[in-house]
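Worksheet: one structure, shown below.
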Amino acid sequence: MPFRFERLKRIPDLILVEPEVFEDHRGFLMEAYKRSDFEANGIPAEFVQDIHSHSVRDVLRGLHYQKHPKAQGKLARVVRGEVFDVAVDLRKDSPTCGRWEGVVLSDQNFRMLYIPVGFAHGYCVLSEEAEFVYKVTEEYAPECDRGILWNDPDIGIAWPAGKPILSEKDARLPLLRDADHNFVFE
């Protein structure tokens, strides 16, 4: 199998994916996604849209999600640079509701993170520049677009940037306790 799938310890519904990378003097070759392998390892998502962003060091994007009926699962990876990628469980009655998990994704470790529906997602750029790509299970729907404040003290994410660069929108997002979402743990 060209992938290794690992459920994360703090929030087992998050899955870290490590592809097998074939490198030689010409460069590298890897499979970035194979539906049958992903489904066999607990990622049954059908992805419908790919998103690609470019950011500079200390840019923090997030924490974002779309609520039902357009809630999104995501498969995130970095194609250039390095980011600290974070997911926060928003599912009411989940044993991990309000907890966060963070992993480093880079063009050197080739890791991907699967974030299911019911999580807020964000990342902070660690390298001079980064190109971040992710697949989503629902198309972008502005009427369902929501978020929570990146530095909500009740969540306590240990972001690596002391003074991140934020969009105006992200700087004004609500705290988790005031956020508009409709996720329930199943």
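By order in the structure tokens, chains are A, B, ...; within a chain, residues start at 1; ligands start at 1, following the order shown.
Using only C-alpha atoms, the contacts of A:Asp93 at a cut-off of 9 Å, with sequence neighbours closer than 4 positions omitted, comprise A:Cys97, A:Val184, A:Phe185, A:Glu186.
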Excluding A:His181 and its own-chain neighbours fewer than 4 positions away, which residues fall within 8 Å of it when counting only C-alpha atoms? Please give them as a ChimeraX atom specification. /A:67-68,90,146
Excluding A:Asp145 and any residue of its chain fewer than 5 positions from it, enumerate the residues within 9 Å of it, using only C-alpha atoms, and give them as a PyMOL selection string. chain A and resi 64-67+70-71+140
Go ahead and write the selection's residues with N, CA, C and O atoms as a CSV table (one decimal), in the first residue's frame.
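Generated output (result_23.csv):
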chain,number,residue,atom,x,y,z
A,64,HIS,N,-11.6,27.9,10.4
A,64,HIS,CA,-12.8,27.9,9.5
A,64,HIS,C,-13.5,26.6,9.4
A,64,HIS,O,-12.9,25.5,9.6
A,65,TYR,N,-14.8,26.7,9.1
A,65,TYR,CA,-15.6,25.5,8.8
A,65,TYR,C,-16.9,26.0,8.1
A,65,TYR,O,-17.2,27.2,8.0
A,66,GLN,N,-17.6,25.0,7.5
A,66,GLN,CA,-18.9,25.3,7.0
A,66,GLN,C,-19.9,24.4,7.7
A,66,GLN,O,-19.6,23.3,8.0
A,67,LYS,N,-21.0,25.1,8.1
A,67,LYS,CA,-22.0,24.3,8.9
A,67,LYS,C,-22.9,23.5,7.9
A,67,LYS,O,-22.9,23.8,6.7
A,70,LYS,N,-23.9,22.2,4.2
A,70,LYS,CA,-22.8,22.2,3.3
A,70,LYS,C,-21.5,22.0,4.1
A,70,LYS,O,-20.4,22.5,3.7
A,71,ALA,N,-21.5,21.3,5.2
A,71,ALA,CA,-20.4,21.0,6.0
A,71,ALA,C,-19.3,20.2,5.2
A,71,ALA,O,-19.7,19.4,4.3
A,140,TYR,N,-17.5,25.2,-1.7
A,140,TYR,CA,-17.6,26.4,-0.9
A,140,TYR,C,-19.0,27.0,-1.0
A,140,TYR,O,-19.6,27.2,-2.1
Need the shell around A:Leu166: protein/DNA/RNA residues with any atom at most 12 Å away, counting only C-alpha atoms. Skip same-chain ones fewer than 6 positions apart. Format as a VMD selection string? chain A and resid 55 to 63 122 to 125 149 to 151 172 to 173
Near stretch 18-31 of chain A, within 12 Å and counting only C-alpha atoms, which residues show up once chain neighbours fewer than 4 positions away are dropped, as a PyMOL selection string? chain A and resi 1-7+35+37-38+76-77+105-114
Selection from above, N, CA and C atoms, as a PDB file, in the first residue's frame, can you write it?
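That gives us out-v8.pdb:
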ATOM      1  N   MET A   1       0.848  -1.184   0.000  1.00  0.00           N
ATOM      2  CA  MET A   1       0.000   0.000   0.000  1.00  0.00           C
ATOM      3  C   MET A   1       0.885   1.236   0.000  1.00  0.00           C
ATOM      4  N   PRO A   2       0.552   2.219  -0.827  1.00  0.00           N
ATOM      5  CA  PRO A   2       1.402   3.403  -0.912  1.00  0.00           C
ATOM      6  C   PRO A   2       1.162   4.443   0.191  1.00  0.00           C
ATOM      7  N   PHE A   3       0.325   4.140   1.188  1.00  0.00           N
ATOM      8  CA  PHE A   3       0.046   5.088   2.261  1.00  0.00           C
ATOM      9  C   PHE A   3       0.116   4.402   3.624  1.00  0.00           C
ATOM     10  N   ARG A   4       0.451   5.207   4.639  1.00  0.00           N
ATOM     11  CA  ARG A   4       0.331   4.759   6.029  1.00  0.00           C
ATOM     12  C   ARG A   4      -0.674   5.696   6.676  1.00  0.00           C
ATOM     13  N   PHE A   5      -1.686   5.132   7.338  1.00  0.00           N
ATOM     14  CA  PHE A   5      -2.750   5.902   7.972  1.00  0.00           C
ATOM     15  C   PHE A   5      -2.617   5.787   9.476  1.00  0.00           C
ATOM     16  N   GLU A   6      -2.635   6.929  10.175  1.00  0.00           N
ATOM     17  CA  GLU A   6      -2.487   6.928  11.628  1.00  0.00           C
ATOM     18  C   GLU A   6      -3.558   7.823  12.251  1.00  0.00           C
ATOM     19  N   ARG A   7      -4.378   7.217  13.098  1.00  0.00           N
ATOM     20  CA  ARG A   7      -5.357   8.015  13.851  1.00  0.00           C
ATOM     21  C   ARG A   7      -4.600   8.749  14.948  1.00  0.00           C
ATOM     22  N   ARG A  35      -8.627   6.677  -3.872  1.00  0.00           N
ATOM     23  CA  ARG A  35      -9.911   6.518  -3.188  1.00  0.00           C
ATOM     24  C   ARG A  35     -10.059   5.177  -2.477  1.00  0.00           C
ATOM     25  N   ASP A  37      -7.830   3.061  -1.232  1.00  0.00           N
ATOM     26  CA  ASP A  37      -6.998   2.981  -0.027  1.00  0.00           C
ATOM     27  C   ASP A  37      -7.534   3.872   1.081  1.00  0.00           C
ATOM     28  N   PHE A  38      -7.974   5.059   0.731  1.00  0.00           N
ATOM     29  CA  PHE A  38      -8.506   5.983   1.733  1.00  0.00           C
ATOM     30  C   PHE A  38      -9.791   5.424   2.347  1.00  0.00           C
ATOM     31  N   ALA A  76      -5.857  17.809   3.697  1.00  0.00           N
ATOM     32  CA  ALA A  76      -4.930  18.934   3.547  1.00  0.00           C
ATOM     33  C   ALA A  76      -3.491  18.460   3.392  1.00  0.00           C
ATOM     34  N   ARG A  77      -2.732  19.194   2.562  1.00  0.00           N
ATOM     35  CA  ARG A  77      -1.296  18.921   2.429  1.00  0.00           C
ATOM     36  C   ARG A  77      -0.572  20.170   1.943  1.00  0.00           C
ATOM     37  N   LEU A 105       2.851  19.942   8.571  1.00  0.00           N
ATOM     38  CA  LEU A 105       2.791  19.431   7.204  1.00  0.00           C
ATOM     39  C   LEU A 105       3.807  20.212   6.388  1.00  0.00           C
ATOM     40  N   SER A 106       4.561  19.501   5.550  1.00  0.00           N
ATOM     41  CA  SER A 106       5.578  20.199   4.759  1.00  0.00           C
ATOM     42  C   SER A 106       5.840  19.497   3.438  1.00  0.00           C
ATOM     43  N   ASP A 107       6.576  20.200   2.586  1.00  0.00           N
ATOM     44  CA  ASP A 107       6.999  19.597   1.320  1.00  0.00           C
ATOM     45  C   ASP A 107       8.126  18.598   1.541  1.00  0.00           C
ATOM     46  N   GLN A 108       8.639  18.507   2.760  1.00  0.00           N
ATOM     47  CA  GLN A 108       9.689  17.548   3.086  1.00  0.00           C
ATOM     48  C   GLN A 108       9.128  16.270   3.701  1.00  0.00           C
ATOM     49  N   ASN A 109       8.060  16.379   4.519  1.00  0.00           N
ATOM     50  CA  ASN A 109       7.526  15.163   5.145  1.00  0.00           C
ATOM     51  C   ASN A 109       6.354  14.560   4.365  1.00  0.00           C
ATOM     52  N   PHE A 110       5.812  15.288   3.397  1.00  0.00           N
ATOM     53  CA  PHE A 110       4.764  14.815   2.489  1.00  0.00           C
ATOM     54  C   PHE A 110       3.472  14.393   3.197  1.00  0.00           C
ATOM     55  N   ARG A 111       3.347  14.640   4.482  1.00  0.00           N
ATOM     56  CA  ARG A 111       2.166  14.221   5.237  1.00  0.00           C
ATOM     57  C   ARG A 111       0.917  14.975   4.792  1.00  0.00           C
ATOM     58  N   MET A 112      -0.228  14.314   5.009  1.00  0.00           N
ATOM     59  CA  MET A 112      -1.535  14.912   4.759  1.00  0.00           C
ATOM     60  C   MET A 112      -2.368  14.716   6.021  1.00  0.00           C
ATOM     61  N   LEU A 113      -3.321  15.603   6.255  1.00  0.00           N
ATOM     62  CA  LEU A 113      -4.218  15.458   7.388  1.00  0.00           C
ATOM     63  C   LEU A 113      -5.649  15.417   6.883  1.00  0.00           C
ATOM     64  N   TYR A 114      -6.369  14.358   7.306  1.00  0.00           N
ATOM     65  CA  TYR A 114      -7.797  14.267   7.007  1.00  0.00           C
ATOM     66  C   TYR A 114      -8.567  14.831   8.193  1.00  0.00           C
TER      67      TYR A 114
END
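Closest approach to A:Ala161 among A:Leu126, A:Ala120, A:Ala32, A:Leu16 is made by A:Leu126 (distances from only C-alpha atoms).
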For A:Ile115: contacts at 6 Å, only C-alpha atoms, fewer than 4 positions along chain excluded, given as a list of chain:residue names: A:Leu14, A:Gly73, A:Lys74
Fewer than 6 positions away in the same chain doesn't count, so skip those; otherwise give me all residues within 12 Å of A:Gln49, counting only C-alpha atoms, as a VMD selection string. chain A and resid 72 to 75 133 to 141
Take the residues from that selection and put them in a file with N, CA and C atoms, as a short mmCIF file (atom, residue, chain, number, x, y, z; two decimals), in the first residue's frame.
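File written: result_13.cif
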data_model
loop_
_atom_site.label_atom_id
_atom_site.label_comp_id
_atom_site.auth_asym_id
_atom_site.auth_seq_id
_atom_site.Cartn_x
_atom_site.Cartn_y
_atom_site.Cartn_z
N GLN A 72 -18.04 20.56 5.44
CA GLN A 72 -16.95 20.00 4.64
C GLN A 72 -16.02 19.11 5.45
N GLY A 73 -15.68 17.97 4.89
CA GLY A 73 -14.50 17.22 5.31
C GLY A 73 -13.36 17.71 4.44
N LYS A 74 -12.11 17.63 4.95
CA LYS A 74 -10.96 18.15 4.21
C LYS A 74 -9.80 17.16 4.24
N LEU A 75 -9.04 17.14 3.17
CA LEU A 75 -7.77 16.43 3.10
C LEU A 75 -6.72 17.47 2.73
N VAL A 133 -2.62 23.02 -0.16
CA VAL A 133 -3.72 22.55 -0.99
C VAL A 133 -4.59 21.61 -0.17
N TYR A 134 -5.88 21.67 -0.44
CA TYR A 134 -6.75 20.73 0.24
C TYR A 134 -7.97 20.41 -0.62
N LYS A 135 -8.42 19.20 -0.44
CA LYS A 135 -9.63 18.71 -1.08
C LYS A 135 -10.76 18.84 -0.08
N VAL A 136 -11.97 19.15 -0.56
CA VAL A 136 -13.12 19.25 0.32
C VAL A 136 -14.27 18.40 -0.20
N THR A 137 -15.14 18.00 0.73
CA THR A 137 -16.26 17.11 0.39
C THR A 137 -17.52 17.87 -0.01
N GLU A 138 -17.54 19.17 0.17
CA GLU A 138 -18.64 20.03 -0.28
C GLU A 138 -18.03 21.29 -0.90
N GLU A 139 -18.67 21.82 -1.91
CA GLU A 139 -18.19 23.05 -2.51
C GLU A 139 -18.35 24.22 -1.54
N TYR A 140 -17.55 25.25 -1.74
CA TYR A 140 -17.64 26.43 -0.90
C TYR A 140 -19.04 27.03 -1.00
N ALA A 141 -19.63 27.31 0.16
CA ALA A 141 -20.96 27.89 0.24
C ALA A 141 -20.91 29.07 1.20
#
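Atom CA of A:Gly102 lies 4.3 Å from atom CA of A:Val86.
For the pair atom CA of A:Asn41 and atom CA of A:Asp13, the interatomic distance is 11.5 Å.
Using only C-alpha atoms, the nearest neighbour of A:Glu82 within the list A:Val103, A:Ala171, A:Ala179, A:Ile157 is A:Val103.
Nearest-residue note for A:Asn182: choosing from A:Pro153, A:Pro160, A:Gly98, A:Pro69, the minimum distance belongs to A:Pro69, counting only C-alpha atoms.
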DSSP says strand (DSSP E or B) for which residues of chain A? Put them as a short mmCIF file (atom, residue, chain, number, x, y, z; two decimals) with N, CA, C and O atoms, in the first residue's frame?
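Output saved as selection_5.cif:
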data_model
loop_
_atom_site.label_atom_id
_atom_site.label_comp_id
_atom_site.auth_asym_id
_atom_site.auth_seq_id
_atom_site.Cartn_x
_atom_site.Cartn_y
_atom_site.Cartn_z
N PHE A 3 0.32 4.14 1.19
CA PHE A 3 0.05 5.09 2.26
C PHE A 3 0.12 4.40 3.62
O PHE A 3 -0.16 3.21 3.74
N ARG A 4 0.45 5.21 4.64
CA ARG A 4 0.33 4.76 6.03
C ARG A 4 -0.67 5.70 6.68
O ARG A 4 -0.56 6.92 6.56
N PHE A 5 -1.69 5.13 7.34
CA PHE A 5 -2.75 5.90 7.97
C PHE A 5 -2.62 5.79 9.48
O PHE A 5 -2.51 4.68 10.00
N GLU A 6 -2.63 6.93 10.18
CA GLU A 6 -2.49 6.93 11.63
C GLU A 6 -3.56 7.82 12.25
O GLU A 6 -3.62 9.02 11.97
N ARG A 7 -4.38 7.22 13.10
CA ARG A 7 -5.36 8.02 13.85
C ARG A 7 -4.60 8.75 14.95
O ARG A 7 -3.78 8.16 15.64
N ILE A 15 -7.08 11.86 10.95
CA ILE A 15 -6.21 10.82 10.40
C ILE A 15 -5.03 11.46 9.68
O ILE A 15 -5.21 12.22 8.73
N LEU A 16 -3.82 11.12 10.14
CA LEU A 16 -2.60 11.57 9.48
C LEU A 16 -2.25 10.54 8.41
O LEU A 16 -2.24 9.33 8.67
N VAL A 17 -2.00 11.01 7.20
CA VAL A 17 -1.70 10.13 6.07
C VAL A 17 -0.28 10.40 5.61
O VAL A 17 0.09 11.54 5.35
N GLU A 18 0.52 9.32 5.54
CA GLU A 18 1.89 9.44 5.04
C GLU A 18 2.01 8.60 3.78
O GLU A 18 1.91 7.38 3.83
N PRO A 19 2.22 9.26 2.64
CA PRO A 19 2.36 8.51 1.39
C PRO A 19 3.75 7.89 1.27
O PRO A 19 4.71 8.37 1.88
N VAL A 21 6.93 7.65 -0.75
CA VAL A 21 7.56 8.57 -1.69
C VAL A 21 8.77 7.86 -2.32
O VAL A 21 9.62 7.34 -1.60
N PHE A 22 8.81 7.84 -3.63
CA PHE A 22 9.91 7.23 -4.36
C PHE A 22 10.82 8.35 -4.87
O PHE A 22 10.43 9.12 -5.74
N GLU A 23 12.00 8.45 -4.28
CA GLU A 23 12.94 9.52 -4.62
C GLU A 23 14.19 8.95 -5.27
O GLU A 23 14.66 7.87 -4.90
N ASP A 24 14.72 9.68 -6.22
CA ASP A 24 16.02 9.35 -6.80
C ASP A 24 16.63 10.65 -7.33
O ASP A 24 16.13 11.74 -7.04
N GLY A 27 14.27 13.34 -8.79
CA GLY A 27 13.25 14.00 -7.98
C GLY A 27 12.46 12.96 -7.20
O GLY A 27 13.04 12.05 -6.62
N PHE A 28 11.13 13.07 -7.21
CA PHE A 28 10.31 12.11 -6.48
C PHE A 28 9.01 11.85 -7.23
O PHE A 28 8.59 12.61 -8.10
N LEU A 29 8.38 10.75 -6.84
CA LEU A 29 7.07 10.37 -7.34
C LEU A 29 6.28 9.82 -6.16
O LEU A 29 6.83 9.07 -5.34
N MET A 30 5.01 10.21 -6.05
CA MET A 30 4.15 9.69 -4.99
C MET A 30 2.71 9.75 -5.44
O MET A 30 2.35 10.56 -6.30
N GLN A 49 -14.04 19.41 -4.59
CA GLN A 49 -13.38 20.68 -4.93
C GLN A 49 -11.98 20.67 -4.35
O GLN A 49 -11.76 20.16 -3.25
N ASP A 50 -11.02 21.22 -5.09
CA ASP A 50 -9.65 21.40 -4.61
C ASP A 50 -9.41 22.90 -4.44
O ASP A 50 -9.82 23.70 -5.27
N ILE A 51 -8.71 23.25 -3.35
CA ILE A 51 -8.39 24.64 -3.05
C ILE A 51 -6.89 24.75 -2.86
O ILE A 51 -6.27 23.87 -2.26
N HIS A 52 -6.29 25.84 -3.36
CA HIS A 52 -4.84 26.04 -3.31
C HIS A 52 -4.60 27.46 -2.82
O HIS A 52 -5.14 28.41 -3.38
N SER A 53 -3.79 27.59 -1.75
CA SER A 53 -3.46 28.94 -1.27
C SER A 53 -1.96 29.11 -1.16
O SER A 53 -1.22 28.15 -0.95
N HIS A 54 -1.54 30.36 -1.28
CA HIS A 54 -0.14 30.73 -1.10
C HIS A 54 -0.09 31.76 0.02
O HIS A 54 -0.90 32.69 0.05
N SER A 55 0.84 31.59 0.96
CA SER A 55 0.96 32.51 2.09
C SER A 55 2.43 32.66 2.46
O SER A 55 3.26 31.81 2.14
N VAL A 56 2.71 33.74 3.19
CA VAL A 56 4.07 33.98 3.67
C VAL A 56 4.17 33.65 5.16
O VAL A 56 3.16 33.41 5.83
N VAL A 59 1.60 33.93 8.45
CA VAL A 59 0.19 34.06 8.09
C VAL A 59 -0.55 32.93 8.79
O VAL A 59 -0.12 31.77 8.78
N LEU A 60 -1.65 33.29 9.43
CA LEU A 60 -2.51 32.31 10.08
C LEU A 60 -3.88 32.41 9.43
O LEU A 60 -4.47 33.49 9.39
N ARG A 61 -4.33 31.30 8.87
CA ARG A 61 -5.64 31.25 8.23
C ARG A 61 -6.53 30.33 9.07
O ARG A 61 -6.20 29.19 9.31
N GLY A 62 -7.65 30.85 9.52
CA GLY A 62 -8.56 30.03 10.30
C GLY A 62 -8.96 30.72 11.58
O GLY A 62 -8.54 31.84 11.86
N LEU A 63 -9.72 30.03 12.27
CA LEU A 63 -10.18 28.65 12.19
C LEU A 63 -11.53 28.62 11.46
O LEU A 63 -12.49 29.23 11.92
N HIS A 64 -11.62 27.89 10.36
CA HIS A 64 -12.78 27.93 9.48
C HIS A 64 -13.53 26.60 9.44
O HIS A 64 -12.93 25.55 9.65
N TYR A 65 -14.80 26.69 9.10
CA TYR A 65 -15.63 25.51 8.83
C TYR A 65 -16.88 25.98 8.09
O TYR A 65 -17.17 27.18 8.04
N GLN A 66 -17.58 25.02 7.51
CA GLN A 66 -18.91 25.28 6.96
C GLN A 66 -19.89 24.44 7.74
O GLN A 66 -19.65 23.26 7.98
N LYS A 74 -12.11 17.63 4.95
CA LYS A 74 -10.96 18.15 4.21
C LYS A 74 -9.80 17.16 4.24
O LYS A 74 -9.59 16.47 5.23
N LEU A 75 -9.04 17.14 3.17
CA LEU A 75 -7.77 16.43 3.10
C LEU A 75 -6.72 17.47 2.73
O LEU A 75 -6.71 17.98 1.60
N ALA A 76 -5.86 17.81 3.70
CA ALA A 76 -4.93 18.93 3.55
C ALA A 76 -3.49 18.46 3.39
O ALA A 76 -3.07 17.49 4.03
N ARG A 77 -2.73 19.19 2.56
CA ARG A 77 -1.30 18.92 2.43
C ARG A 77 -0.57 20.17 1.94
O ARG A 77 -1.19 21.11 1.43
N VAL A 78 0.73 20.17 2.11
CA VAL A 78 1.57 21.29 1.69
C VAL A 78 2.41 20.83 0.50
O VAL A 78 3.04 19.78 0.54
N VAL A 79 2.42 21.63 -0.57
CA VAL A 79 3.23 21.29 -1.74
C VAL A 79 4.52 22.10 -1.80
O VAL A 79 5.44 21.75 -2.53
N ARG A 80 4.57 23.20 -1.01
CA ARG A 80 5.81 23.98 -0.91
C ARG A 80 5.82 24.65 0.45
O ARG A 80 4.86 25.30 0.85
N GLU A 82 6.22 24.88 4.73
CA GLU A 82 5.87 24.16 5.96
C GLU A 82 4.80 24.94 6.73
O GLU A 82 4.90 26.17 6.83
N VAL A 83 3.82 24.22 7.26
CA VAL A 83 2.77 24.85 8.07
C VAL A 83 2.51 24.02 9.32
O VAL A 83 2.78 22.82 9.36
N PHE A 84 1.96 24.69 10.32
CA PHE A 84 1.42 24.04 11.50
C PHE A 84 -0.08 23.99 11.27
O PHE A 84 -0.75 25.03 11.23
N ASP A 85 -0.62 22.79 11.07
CA ASP A 85 -2.01 22.58 10.69
C ASP A 85 -2.81 22.15 11.91
O ASP A 85 -2.39 21.26 12.65
N VAL A 86 -3.98 22.76 12.13
CA VAL A 86 -4.76 22.54 13.35
C VAL A 86 -6.21 22.23 13.02
O VAL A 86 -6.80 22.83 12.13
N ALA A 87 -6.78 21.30 13.80
CA ALA A 87 -8.21 21.00 13.73
C ALA A 87 -8.78 21.05 15.14
O ALA A 87 -8.13 20.58 16.10
N VAL A 88 -9.98 21.60 15.28
CA VAL A 88 -10.67 21.71 16.56
C VAL A 88 -12.01 21.00 16.44
O VAL A 88 -12.80 21.30 15.54
N ASP A 89 -12.28 20.08 17.36
CA ASP A 89 -13.53 19.33 17.36
C ASP A 89 -14.67 20.23 17.85
O ASP A 89 -14.63 20.75 18.96
N LYS A 92 -20.99 18.61 19.16
CA LYS A 92 -21.67 18.53 20.46
C LYS A 92 -21.74 17.06 20.90
O LYS A 92 -22.04 16.18 20.10
N TRP A 100 -8.18 20.47 20.51
CA TRP A 100 -7.49 20.71 19.25
C TRP A 100 -6.34 19.73 19.09
O TRP A 100 -5.85 19.15 20.06
N GLU A 101 -5.93 19.57 17.86
CA GLU A 101 -4.77 18.75 17.51
C GLU A 101 -4.02 19.49 16.42
O GLU A 101 -4.64 20.07 15.52
N GLY A 102 -2.70 19.51 16.50
CA GLY A 102 -1.89 20.17 15.50
C GLY A 102 -0.76 19.28 15.01
O GLY A 102 -0.20 18.52 15.79
N VAL A 103 -0.48 19.37 13.72
CA VAL A 103 0.61 18.61 13.11
C VAL A 103 1.35 19.52 12.13
O VAL A 103 0.78 20.47 11.59
N VAL A 104 2.62 19.23 11.91
CA VAL A 104 3.40 19.94 10.91
C VAL A 104 3.27 19.21 9.58
O VAL A 104 3.52 18.00 9.51
N LEU A 105 2.85 19.94 8.57
CA LEU A 105 2.79 19.43 7.20
C LEU A 105 3.81 20.21 6.39
O LEU A 105 3.90 21.43 6.53
N SER A 106 4.56 19.50 5.55
CA SER A 106 5.58 20.20 4.76
C SER A 106 5.84 19.50 3.44
O SER A 106 5.43 18.35 3.24
N MET A 112 -0.23 14.31 5.01
CA MET A 112 -1.53 14.91 4.76
C MET A 112 -2.37 14.72 6.02
O MET A 112 -2.16 13.76 6.76
N LEU A 113 -3.32 15.60 6.25
CA LEU A 113 -4.22 15.46 7.39
C LEU A 113 -5.65 15.42 6.88
O LEU A 113 -6.08 16.30 6.14
N TYR A 114 -6.37 14.36 7.31
CA TYR A 114 -7.80 14.27 7.01
C TYR A 114 -8.57 14.83 8.19
O TYR A 114 -8.39 14.40 9.33
N ILE A 115 -9.43 15.80 7.90
CA ILE A 115 -10.24 16.48 8.91
C ILE A 115 -11.70 16.23 8.53
O ILE A 115 -12.19 16.74 7.52
N PHE A 119 -15.37 19.75 12.34
CA PHE A 119 -14.15 20.34 12.88
C PHE A 119 -13.90 21.71 12.26
O PHE A 119 -14.15 21.91 11.07
N ALA A 120 -13.37 22.63 13.07
CA ALA A 120 -12.83 23.88 12.54
C ALA A 120 -11.39 23.59 12.14
O ALA A 120 -10.71 22.76 12.75
N HIS A 121 -10.90 24.31 11.13
CA HIS A 121 -9.56 24.05 10.60
C HIS A 121 -8.82 25.36 10.37
O HIS A 121 -9.41 26.35 9.96
N GLY A 122 -7.53 25.33 10.65
CA GLY A 122 -6.69 26.48 10.37
C GLY A 122 -5.23 26.07 10.30
O GLY A 122 -4.88 24.96 10.68
N TYR A 123 -4.40 26.98 9.83
CA TYR A 123 -2.97 26.69 9.77
C TYR A 123 -2.17 27.98 9.85
O TYR A 123 -2.66 29.06 9.54
N CYS A 124 -0.92 27.81 10.29
CA CYS A 124 0.02 28.92 10.40
C CYS A 124 1.28 28.56 9.62
O CYS A 124 1.81 27.45 9.77
N VAL A 125 1.76 29.49 8.80
CA VAL A 125 2.92 29.23 7.95
C VAL A 125 4.21 29.36 8.76
O VAL A 125 4.46 30.37 9.41
N GLU A 129 7.61 30.98 2.76
CA GLU A 129 6.39 30.92 1.95
C GLU A 129 5.86 29.50 2.02
O GLU A 129 6.62 28.56 2.29
N ALA A 130 4.58 29.35 1.77
CA ALA A 130 4.00 28.00 1.72
C ALA A 130 2.86 27.98 0.73
O ALA A 130 2.12 28.95 0.58
N GLU A 131 2.73 26.84 0.06
CA GLU A 131 1.59 26.57 -0.79
C GLU A 131 0.86 25.40 -0.18
O GLU A 131 1.43 24.33 0.02
N PHE A 132 -0.39 25.65 0.15
CA PHE A 132 -1.23 24.72 0.88
C PHE A 132 -2.38 24.32 -0.03
O PHE A 132 -3.04 25.18 -0.62
N VAL A 133 -2.62 23.02 -0.16
CA VAL A 133 -3.72 22.55 -0.99
C VAL A 133 -4.59 21.61 -0.17
O VAL A 133 -4.10 20.90 0.71
N TYR A 134 -5.88 21.67 -0.44
CA TYR A 134 -6.75 20.73 0.24
C TYR A 134 -7.97 20.41 -0.62
O TYR A 134 -8.42 21.22 -1.42
N LYS A 135 -8.42 19.20 -0.44
CA LYS A 135 -9.63 18.71 -1.08
C LYS A 135 -10.76 18.84 -0.08
O LYS A 135 -10.54 18.67 1.12
N VAL A 136 -11.97 19.15 -0.56
CA VAL A 136 -13.12 19.25 0.32
C VAL A 136 -14.27 18.40 -0.20
O VAL A 136 -14.36 18.12 -1.40
N ASP A 145 -20.50 29.47 5.55
CA ASP A 145 -19.13 29.74 5.98
C ASP A 145 -19.12 30.35 7.38
O ASP A 145 -19.79 31.36 7.63
N ARG A 146 -18.36 29.74 8.29
CA ARG A 146 -18.27 30.21 9.68
C ARG A 146 -16.84 30.03 10.17
O ARG A 146 -16.00 29.46 9.50
N GLY A 147 -16.60 30.46 11.40
CA GLY A 147 -15.28 30.28 11.99
C GLY A 147 -15.29 30.59 13.47
O GLY A 147 -16.28 31.07 14.02
N ILE A 165 -0.12 37.00 11.16
CA ILE A 165 -0.74 37.88 10.18
C ILE A 165 -2.11 37.30 9.86
O ILE A 165 -2.21 36.17 9.38
N VAL A 184 -23.13 17.57 15.54
CA VAL A 184 -23.44 16.67 16.64
C VAL A 184 -22.62 15.40 16.45
O VAL A 184 -22.51 14.87 15.34
#
For atom CA of A:Gly156 and atom CA of A:Arg177, quote the distance in Å rounded to one decimal. 13.4 Å
